[in-house]
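K.L.:
Attaching a single structure in structure tokens format; questions to follow.
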Amino acid sequence: MLNIGLVGLGFMAATHLRAYRQVEGARVAALCNPSGRHLDGDFTNVAGNVGATDPVVLDMAGVKATKRFTELLDDPDLHAIDICAPTKAHAELAIAALQAGKHVLCEKPLARTSAAAKQIVDAAAKARGIFMPAMCLRFWPEWAWLKEAIAAGRYGKVLAARFRRVAEPPGWGRNNFFNGAESGGALFDLHVHDTDFVNFCFGRPRCVFSSGYQKFSGAIDHVVTQYDVPGDAIVHAEGSWAMTPGFGFNMSYTVNFERATADYDIARGKEALKLSEEGQLPRVVAMPVEPSDGYVGELRHFVECVRSGKASSVVTTRDGLASVEICEAEERSVNSRQIVTVH
């Protein structure tokens with residue numbers, strides 16, 4: 001059994017706890033939160049914007065609960081650390097866990113700056129444990145389907161792709177999220193999913209042109225980016241948490257291939273992914289029952305990587321760094337109103 005210590009006990013921790021129920025061979029054996037909140041394992045008052053919504057109450061029998069992260073590092077019975085803490089703490093926590101010989105899963109973004117993200121990359125390269133950035137979108141069934149369709153050239157090359165992830169302001173963790181200097185605003189915390197997915201499907205953009213605005217965090221709360229990608233498909237993405245309260249959350253994509261158009265909208269539920277092919281009636285693309293969402297697939301993959309002793313080939317440490325570097329270029333583009341080269 002892989003014993004996991006979870007640090008940071010907000011919405012994402014509740015999401016991971018819910019997903020671990022469907023991951024064989026792993027158990028959350030410790031909880032850590034410096035504030036002391038949710039150390040009793042009761043997350044019933046925690047809600048988020050996507051994924052399952054059933055209440056989470058962890059059976060604390062045999063589960064360590066502590067405010068001190070060092071207690072997790074010093075525990076030889078804990079094999080892995082799952083970091084769900086605020087972005088500003090990622091580098092310090094990840095590096096300490098890697099140096100302690102633990103396997104590490106770290107939520108996105110890898111860090112607020114590429115300089116801090118590089119420190120994690122360097123520590124992971126020297127560590128004996130597995131390190132994996134938690135980029136759940138790469139494991140989301142409809143998005144994994146899209147990646148495979150693009151890579152296989154199943155419908156010809158991509159002519160254009162549009163990704164959209166928009167929401168009302170987060171109703172949780174506002175002390176962190178509303179401090180844009182630390183969270184990076186929606187650009188780094190929400191839009192980073194699509195930035196990473198663009199990099200995953202099309203390769204590292206040569207340059208970006210972004211427009212956006214600040215609303216409440218002091219950082220970019222709404223962004224629209226055009227990516228200049230290898231292969232010259234027209235690719236753009238919109239990310240926001242600046243919608244009026246009551247709007248809720250939506251993620252979607254439309255990808256136009258030479259011989260088909262794929263359209264996904266989470267609001268359609270079981271009919272979320274629709275495909276229109278030349279010479280055929282439009283149809284709903286059915287997804288496998290398992291994994292039910294990207295979090296389950298992501299955590300299952302992490303556990304498999306630890307068991308095999310092989311780093312992930314789906315999402316690497318450098319992928320986590322790349323997403324931060326591209327987001328930084330987008331931030332510079334918004335502020336300068338210029339096209340920015342991605343270094």
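FYI, nothing fancy with the structure tokens labels: chains A, B, ... in order, residues from 1 per chain, ligands from 1 as they appear.
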Sort by chain and increasing residue number a table of all residues of stretch 188-210 of chain A within 8 Å of stretch 233-254 of chain A, each with its closest pair of atoms and their distance in Å to one decimal, counting only C-alpha atoms, and write it as JSON lines.
P.N.:
```
{"residue": "A:Leu190", "atom": "CA", "partner": "A:Gly239", "partner_atom": "CA", "distance": 6.6}
{"residue": "A:His191", "atom": "CA", "partner": "A:Gly239", "partner_atom": "CA", "distance": 4.6}
{"residue": "A:Asp194", "atom": "CA", "partner": "A:Ala237", "partner_atom": "CA", "distance": 6.8}
{"residue": "A:Thr195", "atom": "CA", "partner": "A:Ala237", "partner_atom": "CA", "distance": 7.6}
{"residue": "A:Val198", "atom": "CA", "partner": "A:Val235", "partner_atom": "CA", "distance": 7.9}
```
K.L.:
Enumerate the residues of stretch 210-324 of chain A with a DSSP assignment of strand (DSSP E), computed from the backbone, and present them as a ChimeraX atom specification.
P.N.:
/A:210-213,222-228,234-240,249-257,260-265,273-277,283-284
K.L.:
Determine, counting only C-alpha atoms, which protein, DNA and RNA residues have an atom within 6 Å of an atom of stretch 146-151 of chain A; residues of the same chain fewer than 3 positions away are not included. Present the result as a list in words.
P.N.:
Trp143, Arg154 and Cys201 of chain A
K.L.:
Quick one: of A:Ala125, A:Val28, A:Val289, A:Met135, who's nearest to A:Ser323, counting only C-alpha atoms?
P.N.:
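Comparing A:Ala125, A:Val28, A:Val289, A:Met135 against A:Ser323, the winner is A:Met135.
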K.L.:
Given only C-alpha atoms as the basis, pick out the residue of A:Phe216, A:Phe163, A:Phe178, A:Tyr227 nearest to A:Ala329.
P.N.:
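Among the listed residues, A:Tyr227 lies closest to A:Ala329.
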K.L.:
What's around stretch 86-89 of chain A at 12 Å? Count only C-alpha atoms, leave out sequence neighbours fewer than 4 positions away in its own chain, and write the answer as a ChimeraX atom specification.
P.N.:
/A:7-13,33-34,69,93-96,106-113,116-117,120,172-185,188-189,324
K.L.:
Find the residue from A:Ala29, A:Leu2, A:Val296, A:Val46 that sits nearest to A:Pro170; use only C-alpha atoms when measuring.
P.N.:
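Answer, going by the shortest atom-to-atom distance: A:Val46.
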K.L.:
Let me make sure I understand: among A:Lys274, A:Lys118, A:His90, A:Arg128, which one has the smallest atom-to-atom distance to A:Lys102 if we use only C-alpha atoms?
P.N.:
A:Arg128
K.L.:
For A:Thr341, which of A:Lys157, A:His301, A:Arg268, A:Arg206 is the closest residue, counting only C-alpha atoms?
P.N.:
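Counting only C-alpha atoms, the residue closest to A:Thr341 is A:Arg206.
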K.L.:
Which of these, A:Gln214, A:Ala322, A:Arg204, A:Glu290, has the shortest distance to A:Ser114 once you count only C-alpha atoms?
P.N.:
A:Ala322
K.L.:
DSSP on the backbone: which residues in stretch 114-170 of chain A end up as alpha helix (DSSP H)? Give the answer as a PyMOL selection string.
P.N.:
chain A and resi 114-126+141-152
K.L.:
Rounded to one decimal place, report the atom CA of A:Ala127-atom CA of A:Cys84 distance in Å.
P.N.:
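Calculated distance between atom CA of A:Ala127 and atom CA of A:Cys84 is 20.3 Å.
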